[in-house]
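data34.pdb (PDB, C-alpha atoms) appears below.
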MODEL        1
ATOM      1  CA  MET J  56       3.095  33.827  12.538
ATOM      2  CA  GLU J  57       2.739  37.325  11.141
ATOM      3  CA  GLU J  58       2.447  35.950   7.623
ATOM      4  CA  LEU J  59      -0.505  33.820   8.680
ATOM      5  CA  LYS J  60      -2.327  36.952   9.821
ATOM      6  CA  ALA J  61      -2.080  38.573   6.374
ATOM      7  CA  LEU J  62      -5.266  38.053   4.359
ATOM      8  CA  ASN J  63      -5.923  38.620   0.679
ATOM      9  CA  ILE J  64      -9.662  38.977   1.150
ATOM     10  CA  GLY J  65     -11.065  41.615  -1.158
ATOM     11  CA  ALA J  66      -8.446  40.959  -3.825
ATOM     12  CA  THR J  67     -11.009  39.150  -6.012
ATOM     13  CA  ALA J  68      -9.791  36.508  -8.437
ATOM     14  CA  VAL J  69      -6.232  37.602  -9.227
ATOM     15  CA  GLY J  70      -5.319  40.272  -6.661
ATOM     16  CA  THR J  71      -6.454  43.418  -8.510
ATOM     17  CA  ALA J  72      -9.467  44.061  -6.254
ATOM     18  CA  ILE J  73     -11.321  45.024  -9.408
ATOM     19  CA  ASN J  74     -15.060  45.684  -8.977
ATOM     20  CA  VAL J  75     -14.772  45.553  -5.167
ATOM     21  CA  ASN J  76     -16.612  48.222  -3.220
ATOM     22  CA  PRO J  77     -13.975  50.382  -1.487
ATOM     23  CA  VAL J  78     -15.976  50.305   1.717
ATOM     24  CA  TYR J  79     -15.743  46.513   1.725
ATOM     25  CA  LEU J  80     -12.078  46.461   0.743
ATOM     26  CA  PHE J  81     -10.893  48.789   3.472
ATOM     27  CA  HIS J  82     -13.194  47.646   6.283
ATOM     28  CA  ILE J  83     -13.557  43.880   5.894
ATOM     29  CA  ILE J  84     -10.389  43.063   7.844
ATOM     30  CA  ARG J  85     -11.430  45.244  10.760
ATOM     31  CA  ASN J  86     -14.838  43.589  10.891
ATOM     32  CA  ILE J  87     -13.290  40.116  10.748
ATOM     33  CA  ASN J  88     -11.120  41.023  13.736
ATOM     34  CA  LEU J  89     -14.143  42.320  15.645
ATOM     35  CA  VAL J  90     -16.206  39.209  15.004
ATOM     36  CA  CYS J  91     -13.460  36.586  15.377
ATOM     37  CA  GLN J  92     -11.302  38.338  17.993
ATOM     38  CA  THR J  93      -8.236  38.052  15.770
ATOM     39  CA  GLU J  94      -5.431  40.406  14.753
ATOM     40  CA  CYS J  95      -5.477  39.889  11.008
ATOM     41  CA  VAL J  96      -4.120  42.462   8.575
ATOM     42  CA  GLN J  97      -4.541  43.026   4.878
ATOM     43  CA  ALA J  98      -1.676  41.656   2.824
ATOM     44  CA  ASP J  99       0.717  44.302   1.518
ATOM     45  CA  ASP J 100       0.783  42.592  -1.869
ATOM     46  CA  LEU J 101      -2.606  41.181  -2.781
ATOM     47  CA  PHE J 102      -1.181  39.568  -5.930
ATOM     48  CA  ASP J 103       1.420  37.615  -3.970
ATOM     49  CA  ALA J 104      -1.053  36.686  -1.240
ATOM     50  CA  THR J 105      -3.442  35.350  -3.869
ATOM     51  CA  GLN J 106      -0.838  33.393  -5.820
ATOM     52  CA  ASN J 107       1.391  31.899  -3.153
ATOM     53  CA  LEU J 108       0.728  29.657  -0.164
ATOM     54  CA  ASP J 109       4.303  29.553   1.073
ATOM     55  CA  CYS J 110       3.380  30.735   4.580
ATOM     56  CA  PHE J 111       1.264  27.598   5.022
ATOM     57  CA  VAL J 112       4.050  25.402   3.679
ATOM     58  CA  HIS J 113       6.399  27.002   6.197
ATOM     59  CA  THR J 114       3.937  26.412   9.025
ATOM     60  CA  SER J 115       3.536  22.758   8.064
ATOM     61  CA  ALA J 116       7.306  22.350   7.871
ATOM     62  CA  LEU J 117       7.699  23.683  11.414
ATOM     63  CA  LEU J 118       5.145  21.164  12.636
ATOM     64  CA  ARG J 119       7.069  18.431  10.802
ATOM     65  CA  VAL J 120      10.323  19.464  12.484
ATOM     66  CA  CYS J 121       8.647  19.280  15.893
ATOM     67  CA  ALA J 122       7.237  15.868  15.025
ATOM     68  CA  VAL J 123      10.639  14.574  13.892
ATOM     69  CA  ASN J 124      12.302  15.688  17.130
ATOM     70  CA  LEU J 125       9.476  14.217  19.183
ATOM     71  CA  SER J 126       9.775  10.889  17.408
ATOM     72  CA  LYS J 127      13.540  10.895  17.984
ATOM     73  CA  ILE J 128      12.940  11.360  21.704
ATOM     74  CA  CYS J 129      10.522   8.431  21.647
ATOM     75  CA  ASN J 130      13.057   6.252  19.846
ATOM     76  CA  ASP J 131      15.599   7.091  22.558
ATOM     77  CA  LEU J 132      13.099   6.163  25.255
ATOM     78  CA  ARG J 133      12.340   2.845  23.580
ATOM     79  CA  LEU J 134      16.027   1.958  23.303
ATOM     80  CA  LEU J 135      16.966   3.092  26.802
ATOM     81  CA  SER J 136      14.072   1.128  28.305
ATOM     82  CA  SER J 137      14.802  -2.088  26.403
ATOM     83  CA  GLY J 138      15.201  -5.141  28.570
ATOM     84  CA  PRO J 139      15.004  -6.294  31.241
ATOM     85  CA  LYS J 140      17.656  -8.899  30.379
ATOM     86  CA  ALA J 141      18.980  -8.331  26.876
ATOM     87  CA  GLY J 142      18.531  -4.570  26.455
ATOM     88  CA  LEU J 143      20.055  -1.390  27.821
ATOM     89  CA  GLY J 144      17.597  -1.163  30.697
ATOM     90  CA  GLU J 145      18.679   2.310  31.768
ATOM     91  CA  ILE J 146      15.170   3.566  32.463
ATOM     92  CA  ASN J 147      11.878   2.045  33.479
ATOM     93  CA  LEU J 148       8.831   3.193  31.548
ATOM     94  CA  PRO J 149       5.447   3.024  33.266
ATOM     95  CA  PRO J 150       3.462  -0.120  32.371
ATOM     96  CA  ARG J 151       0.474   1.175  30.421
ATOM     97  CA  GLN J 152      -0.713  -2.206  29.136
ATOM     98  CA  ASN J 153      -0.096  -5.898  29.699
ATOM     99  CA  GLY J 154       3.491  -6.871  28.991
ATOM    100  CA  SER J 155       4.876  -9.343  26.504
ATOM    101  CA  SER J 156       3.440 -12.869  26.434
ATOM    102  CA  ILE J 157       6.823 -14.386  25.564
ATOM    103  CA  MET J 158       9.262 -12.104  27.456
ATOM    104  CA  PRO J 159       8.468 -12.030  31.183
ATOM    105  CA  GLY J 160       9.115  -8.677  32.814
ATOM    106  CA  LYS J 161       9.195  -6.741  29.567
ATOM    107  CA  ILE J 162       7.265  -3.463  29.519
ATOM    108  CA  ASN J 163       6.052  -2.516  26.084
ATOM    109  CA  PRO J 164       6.860   1.147  25.270
ATOM    110  CA  VAL J 165       3.342   1.784  23.997
ATOM    111  CA  ILE J 166       3.233   5.531  24.694
ATOM    112  CA  PRO J 167       6.446   6.323  22.765
ATOM    113  CA  GLU J 168       5.162   4.093  19.958
ATOM    114  CA  VAL J 169       1.851   5.953  19.851
ATOM    115  CA  VAL J 170       3.615   9.311  19.729
ATOM    116  CA  SER J 171       5.919   8.129  16.948
ATOM    117  CA  GLN J 172       2.909   7.103  14.897
ATOM    118  CA  VAL J 173       1.460  10.585  15.361
ATOM    119  CA  ALA J 174       4.771  11.970  14.128
ATOM    120  CA  PHE J 175       4.656   9.728  11.050
ATOM    121  CA  ASN J 176       1.210  11.062  10.229
ATOM    122  CA  ILE J 177       2.331  14.679  10.649
ATOM    123  CA  ILE J 178       5.255  14.065   8.295
ATOM    124  CA  GLY J 179       2.787  12.664   5.781
ATOM    125  CA  ASN J 180       0.531  15.690   6.279
ATOM    126  CA  ASP J 181       3.464  17.940   5.457
ATOM    127  CA  VAL J 182       3.979  16.120   2.174
ATOM    128  CA  THR J 183       0.295  16.641   1.363
ATOM    129  CA  VAL J 184       0.528  20.358   2.171
ATOM    130  CA  THR J 185       3.638  20.711   0.032
ATOM    131  CA  MET J 186       2.095  18.982  -2.959
ATOM    132  CA  ALA J 187      -1.171  20.906  -2.639
ATOM    133  CA  ALA J 188       0.629  24.258  -2.430
ATOM    134  CA  GLN J 189       2.745  23.633  -5.513
ATOM    135  CA  ALA J 190      -0.237  22.342  -7.496
ATOM    136  CA  GLY J 191      -1.809  25.786  -7.796
ATOM    137  CA  GLN J 192      -1.925  27.455 -11.189
ATOM    138  CA  MET J 193      -1.329  31.172 -11.495
ATOM    139  CA  GLU J 194      -3.674  32.842  -8.973
ATOM    140  CA  LEU J 195      -5.910  29.780  -8.660
ATOM    141  CA  ASN J 196      -5.178  27.611  -5.631
ATOM    142  CA  ALA J 197      -7.850  24.955  -5.747
ATOM    143  CA  PHE J 198      -6.306  22.767  -3.073
ATOM    144  CA  GLU J 199      -6.425  25.083  -0.072
ATOM    145  CA  PRO J 200      -9.064  22.950   1.716
ATOM    146  CA  VAL J 201      -6.751  19.974   2.108
ATOM    147  CA  ILE J 202      -3.905  22.300   3.148
ATOM    148  CA  PHE J 203      -5.918  23.757   6.006
ATOM    149  CA  TYR J 204      -7.335  20.367   6.969
ATOM    150  CA  LYS J 205      -3.897  18.788   7.244
ATOM    151  CA  ILE J 206      -2.331  21.727   9.098
ATOM    152  CA  PHE J 207      -5.117  21.790  11.676
ATOM    153  CA  GLU J 208      -4.900  18.019  12.029
ATOM    154  CA  SER J 209      -1.149  18.228  12.582
ATOM    155  CA  MET J 210      -1.578  20.944  15.205
ATOM    156  CA  ASP J 211      -4.235  19.035  17.112
ATOM    157  CA  THR J 212      -2.520  15.660  17.031
ATOM    158  CA  LEU J 213       0.914  17.087  17.888
ATOM    159  CA  LYS J 214      -0.544  18.843  20.903
ATOM    160  CA  GLY J 215      -2.235  15.654  22.039
ATOM    161  CA  ALA J 216       0.913  13.594  21.483
ATOM    162  CA  VAL J 217       3.058  15.906  23.569
ATOM    163  CA  GLU J 218       0.528  15.902  26.388
ATOM    164  CA  THR J 219       0.173  12.112  26.469
ATOM    165  CA  LEU J 220       3.945  11.600  26.297
ATOM    166  CA  ILE J 221       4.459  13.898  29.277
ATOM    167  CA  ASP J 222       1.518  12.716  31.385
ATOM    168  CA  ASN J 223       1.605   8.984  30.609
ATOM    169  CA  CYS J 224       5.323   8.369  30.125
ATOM    170  CA  ILE J 225       7.892  11.022  31.020
ATOM    171  CA  LEU J 226       6.593  11.968  34.466
ATOM    172  CA  ALA J 227       6.256   8.324  35.507
ATOM    173  CA  SER J 228       9.603   7.095  34.104
ATOM    174  CA  GLN J 229      12.432   6.234  36.474
ATOM    175  CA  PRO J 230      16.150   5.519  35.987
ATOM    176  CA  THR J 231      17.146   1.972  36.878
ATOM    177  CA  GLY J 232      20.583   2.861  38.181
ATOM    178  CA  ASN J 233      22.073  -0.501  37.306
ATOM    179  CA  THR J 234      23.566  -0.154  33.837
ATOM    180  CA  ALA J 235      25.330   2.993  32.682
ATOM    181  CA  VAL J 236      25.884   4.091  36.277
ATOM    182  CA  GLY J 237      27.860   0.934  36.883
ATOM    183  CA  TRP J 238      29.980   1.522  33.787
ATOM    184  CA  TRP J 239      30.991   5.067  34.667
ATOM    185  CA  SER J 240      30.937   5.183  38.467
ATOM    186  CA  PRO J 241      34.188   6.848  39.717
ATOM    187  CA  ALA J 242      34.144   4.677  42.851
ATOM    188  CA  GLN J 243      34.186   1.431  40.874
ATOM    189  CA  PRO J 244      35.478   2.261  37.375
ATOM    190  CA  TRP J 245      36.084  -1.403  36.450
ATOM    191  CA  GLN J 246      32.829  -2.781  37.789
ATOM    192  CA  ARG J 247      31.428  -3.294  34.291
ATOM    193  CA  PRO J 248      34.202  -2.568  31.793
ATOM    194  CA  CYS J 249      33.261  -1.954  28.187
ATOM    195  CA  ALA J 250      35.125  -1.028  25.029
ATOM    196  CA  LEU J 251      34.013   2.611  25.188
ATOM    197  CA  PHE J 252      35.248   2.985  28.753
ATOM    198  CA  LEU J 253      38.585   1.407  27.907
ATOM    199  CA  ASP J 254      38.952   3.711  24.923
ATOM    200  CA  THR J 255      38.711   6.775  27.164
ATOM    201  CA  ARG J 256      41.550   5.362  29.308
ATOM    202  CA  ASN J 257      43.920   5.205  26.369
ATOM    203  CA  PRO J 258      45.233   8.751  25.775
ATOM    204  CA  GLN J 259      47.926   7.557  23.338
ATOM    205  CA  ARG J 260      45.368   6.409  20.787
TER     206      ARG J 260
ENDMDL
END

So that I can check it, write out the structure of this file as structure tokens.
Amino acid sequence: MEELKALNIGATAVGTAINVNPVYLFHIIRNINLVCQTECVQADDLFDATQNLDCFVHTSALLRVCAVNLSKICNDLRLLSSGPKAGLGEINLPPRQNGSSIMPGKINPVIPEVVSQVAFNIIGNDVTVTMAAQAGQMELNAFEPVIFYKIFESMDTLKGAVETLIDNCILASQPTGNTAVGWWSPAQPWQRPCALFLDTRNPQR
């Protein structure tokens, strides 16, 4: 976060700040903060700040990691809610659209699927940011516009995906209580025996 606050403004083309009015160079950051209500600082190394966009690559990578974990959660929800007859059926997702036309009782996991698609797009955005950052030449980074566009898009869509997953899926989901509970209930350990349960009962293995 601190790296994103460091600006190279006033460094001119290559970071030397040649031909820049000293008044501008040493006061522009303060004025930007006053106008935009930010806490930006001038980069310690104007050459490095002009040449390298690694802080934006890092930011995009963090968004990608969040998206990957979010998609994994959605995959778990889809698997755990599969059924009602031939799946795991451990949780009930809220019905957010009409169910299947060929599988009566099935609830399509549309919210987890939507969120996963957002995650796919964020992963693709990260690839774009990576390629755009490495495509610069010397101090010229001609592809910053697409970097900023994709990072802002990833931020906005990730925020929306998290909110819709919580509001339209997680909070309204309920455990079924008729699958895994039956397998592992201490009161009736052999109610629904399975290979995994039997394996835990074999200490000599």

- request: Run through the PyMOL selection byres ((chain J and resi 83-98) around 7) on the given coordinates and return the selected residues as JSON, numbers by chain.
  value: {"J": [60, 61, 62, 63, 79, 80, 81, 82, 99, 100, 101, 104]}

Given 8 Å on each side, where is the centre and what are the edge lengths in Å to one decimal of the axis-aligned box enclosing the listed atoms of segment 101-118 of chain J, as JSON?
{"center_x": 2.1, "center_y": 31.2, "center_z": 3.4, "size_x": 27.1, "size_y": 36.0, "size_z": 34.6}

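Using all atoms listed in the file, the protein and nucleic acid residues lying no more than 12 Å from Ser155 of chain J, apart from those fewer than 6 places from it along its own chain, are J:Gly138, J:Pro139, J:Lys161, J:Ile162, J:Asn163, J:Pro164, J:Val165.
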
Requested in this report: State, in Å with one decimal place, the distance from atom CA of Gly65 of chain J to atom CA of Met186 of chain J.
Outcome: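 Spanning atom CA of Gly65 of chain J to atom CA of Met186 of chain J is a straight-line distance of 26.2 Å.
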
For Pro167 of chain J, find every residue with an atom within 9 Å (counting all atoms listed in the file), except residues of its own chain fewer than 5 positions away, and show them as a PDB file with C-alpha atoms, in the frame of the given file.
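The new file result.pdb reads:
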ATOM      1  CA  SER J 126       9.775  10.889  17.408  1.00  0.00           C
ATOM      2  CA  ILE J 128      12.940  11.360  21.704  1.00  0.00           C
ATOM      3  CA  CYS J 129      10.522   8.431  21.647  1.00  0.00           C
ATOM      4  CA  ASN J 130      13.057   6.252  19.846  1.00  0.00           C
ATOM      5  CA  LEU J 132      13.099   6.163  25.255  1.00  0.00           C
ATOM      6  CA  ARG J 133      12.340   2.845  23.580  1.00  0.00           C
ATOM      7  CA  GLN J 172       2.909   7.103  14.897  1.00  0.00           C
ATOM      8  CA  LEU J 220       3.945  11.600  26.297  1.00  0.00           C
ATOM      9  CA  CYS J 224       5.323   8.369  30.125  1.00  0.00           C
TER      10      CYS J 224
END

Translate the PyMOL selection byres ((chain J and resi 227-232) around 6), as applied to the file shown, into an explicit residue set as JSON, numbers by chain.
{"J": [145, 146, 147, 148, 149, 224, 225, 226, 233, 236]}

For segment 78-148 of chain J versus segment 179-184 of chain J, which residues have an atom no more than 12 Å away, and what is each residue's nearest atom pair and distance in Å rounded to one decimal, using all atoms listed in the file, chain-then-number order, as a Markdown table?
| residue | atom | partner | partner_atom | distance |
| --- | --- | --- | --- | --- |
| J:Leu108 | CA | J:Val184 | CA | 9.6 |
| J:Asp109 | CA | J:Val184 | CA | 10.0 |
| J:Cys110 | CA | J:Val184 | CA | 11.0 |
| J:Phe111 | CA | J:Val184 | CA | 7.8 |
| J:Val112 | CA | J:Val184 | CA | 6.3 |
| J:His113 | CA | J:Asp181 | CA | 9.6 |
| J:Thr114 | CA | J:Asp181 | CA | 9.2 |
| J:Ser115 | CA | J:Asp181 | CA | 5.5 |
| J:Ala116 | CA | J:Asp181 | CA | 6.3 |
| J:Leu117 | CA | J:Asp181 | CA | 9.3 |
| J:Leu118 | CA | J:Asp181 | CA | 8.0 |
| J:Arg119 | CA | J:Asp181 | CA | 6.5 |
| J:Val120 | CA | J:Asp181 | CA | 9.9 |
| J:Cys121 | CA | J:Asp181 | CA | 11.7 |
| J:Ala122 | CA | J:Asp181 | CA | 10.5 |
| J:Val123 | CA | J:Gly179 | CA | 11.4 |

The distance between atom CA of Asn74 of chain J and atom CA of Thr105 of chain J is 16.4 Å

For Thr67 of chain J, the closest of J:Asp131, J:Phe102, J:Val217, J:Gly191 counting only C-alpha atoms is J:Phe102

What separates atom CA of Ala174 of chain J and atom CA of Asn124 of chain J is a distance of 8.9 Å

Cut-off 10 Å around (-2.5, 17.4, 14.3) with all atoms listed in the file: residues as an mmCIF file with C-alpha atoms, in the coordinates of the input:
data_model
loop_
_atom_site.group_PDB
_atom_site.id
_atom_site.type_symbol
_atom_site.label_atom_id
_atom_site.label_comp_id
_atom_site.auth_asym_id
_atom_site.auth_seq_id
_atom_site.Cartn_x
_atom_site.Cartn_y
_atom_site.Cartn_z
ATOM 1 C CA LEU J 118 5.145 21.164 12.636
ATOM 2 C CA ALA J 122 7.237 15.868 15.025
ATOM 3 C CA VAL J 173 1.460 10.585 15.361
ATOM 4 C CA ALA J 174 4.771 11.970 14.128
ATOM 5 C CA ASN J 176 1.210 11.062 10.229
ATOM 6 C CA ILE J 177 2.331 14.679 10.649
ATOM 7 C CA ASN J 180 0.531 15.690 6.279
ATOM 8 C CA TYR J 204 -7.335 20.367 6.969
ATOM 9 C CA LYS J 205 -3.897 18.788 7.244
ATOM 10 C CA ILE J 206 -2.331 21.727 9.098
ATOM 11 C CA PHE J 207 -5.117 21.790 11.676
ATOM 12 C CA GLU J 208 -4.900 18.019 12.029
ATOM 13 C CA SER J 209 -1.149 18.228 12.582
ATOM 14 C CA MET J 210 -1.578 20.944 15.205
ATOM 15 C CA ASP J 211 -4.235 19.035 17.112
ATOM 16 C CA THR J 212 -2.520 15.660 17.031
ATOM 17 C CA LEU J 213 0.914 17.087 17.888
ATOM 18 C CA LYS J 214 -0.544 18.843 20.903
ATOM 19 C CA GLY J 215 -2.235 15.654 22.039
ATOM 20 C CA ALA J 216 0.913 13.594 21.483
#

Shortest contact to Ala197 of chain J, candidates J:Ala141, J:Gln106, J:Ile221, J:Leu134, atoms counted all atoms listed in the file, goes to J:Gln106
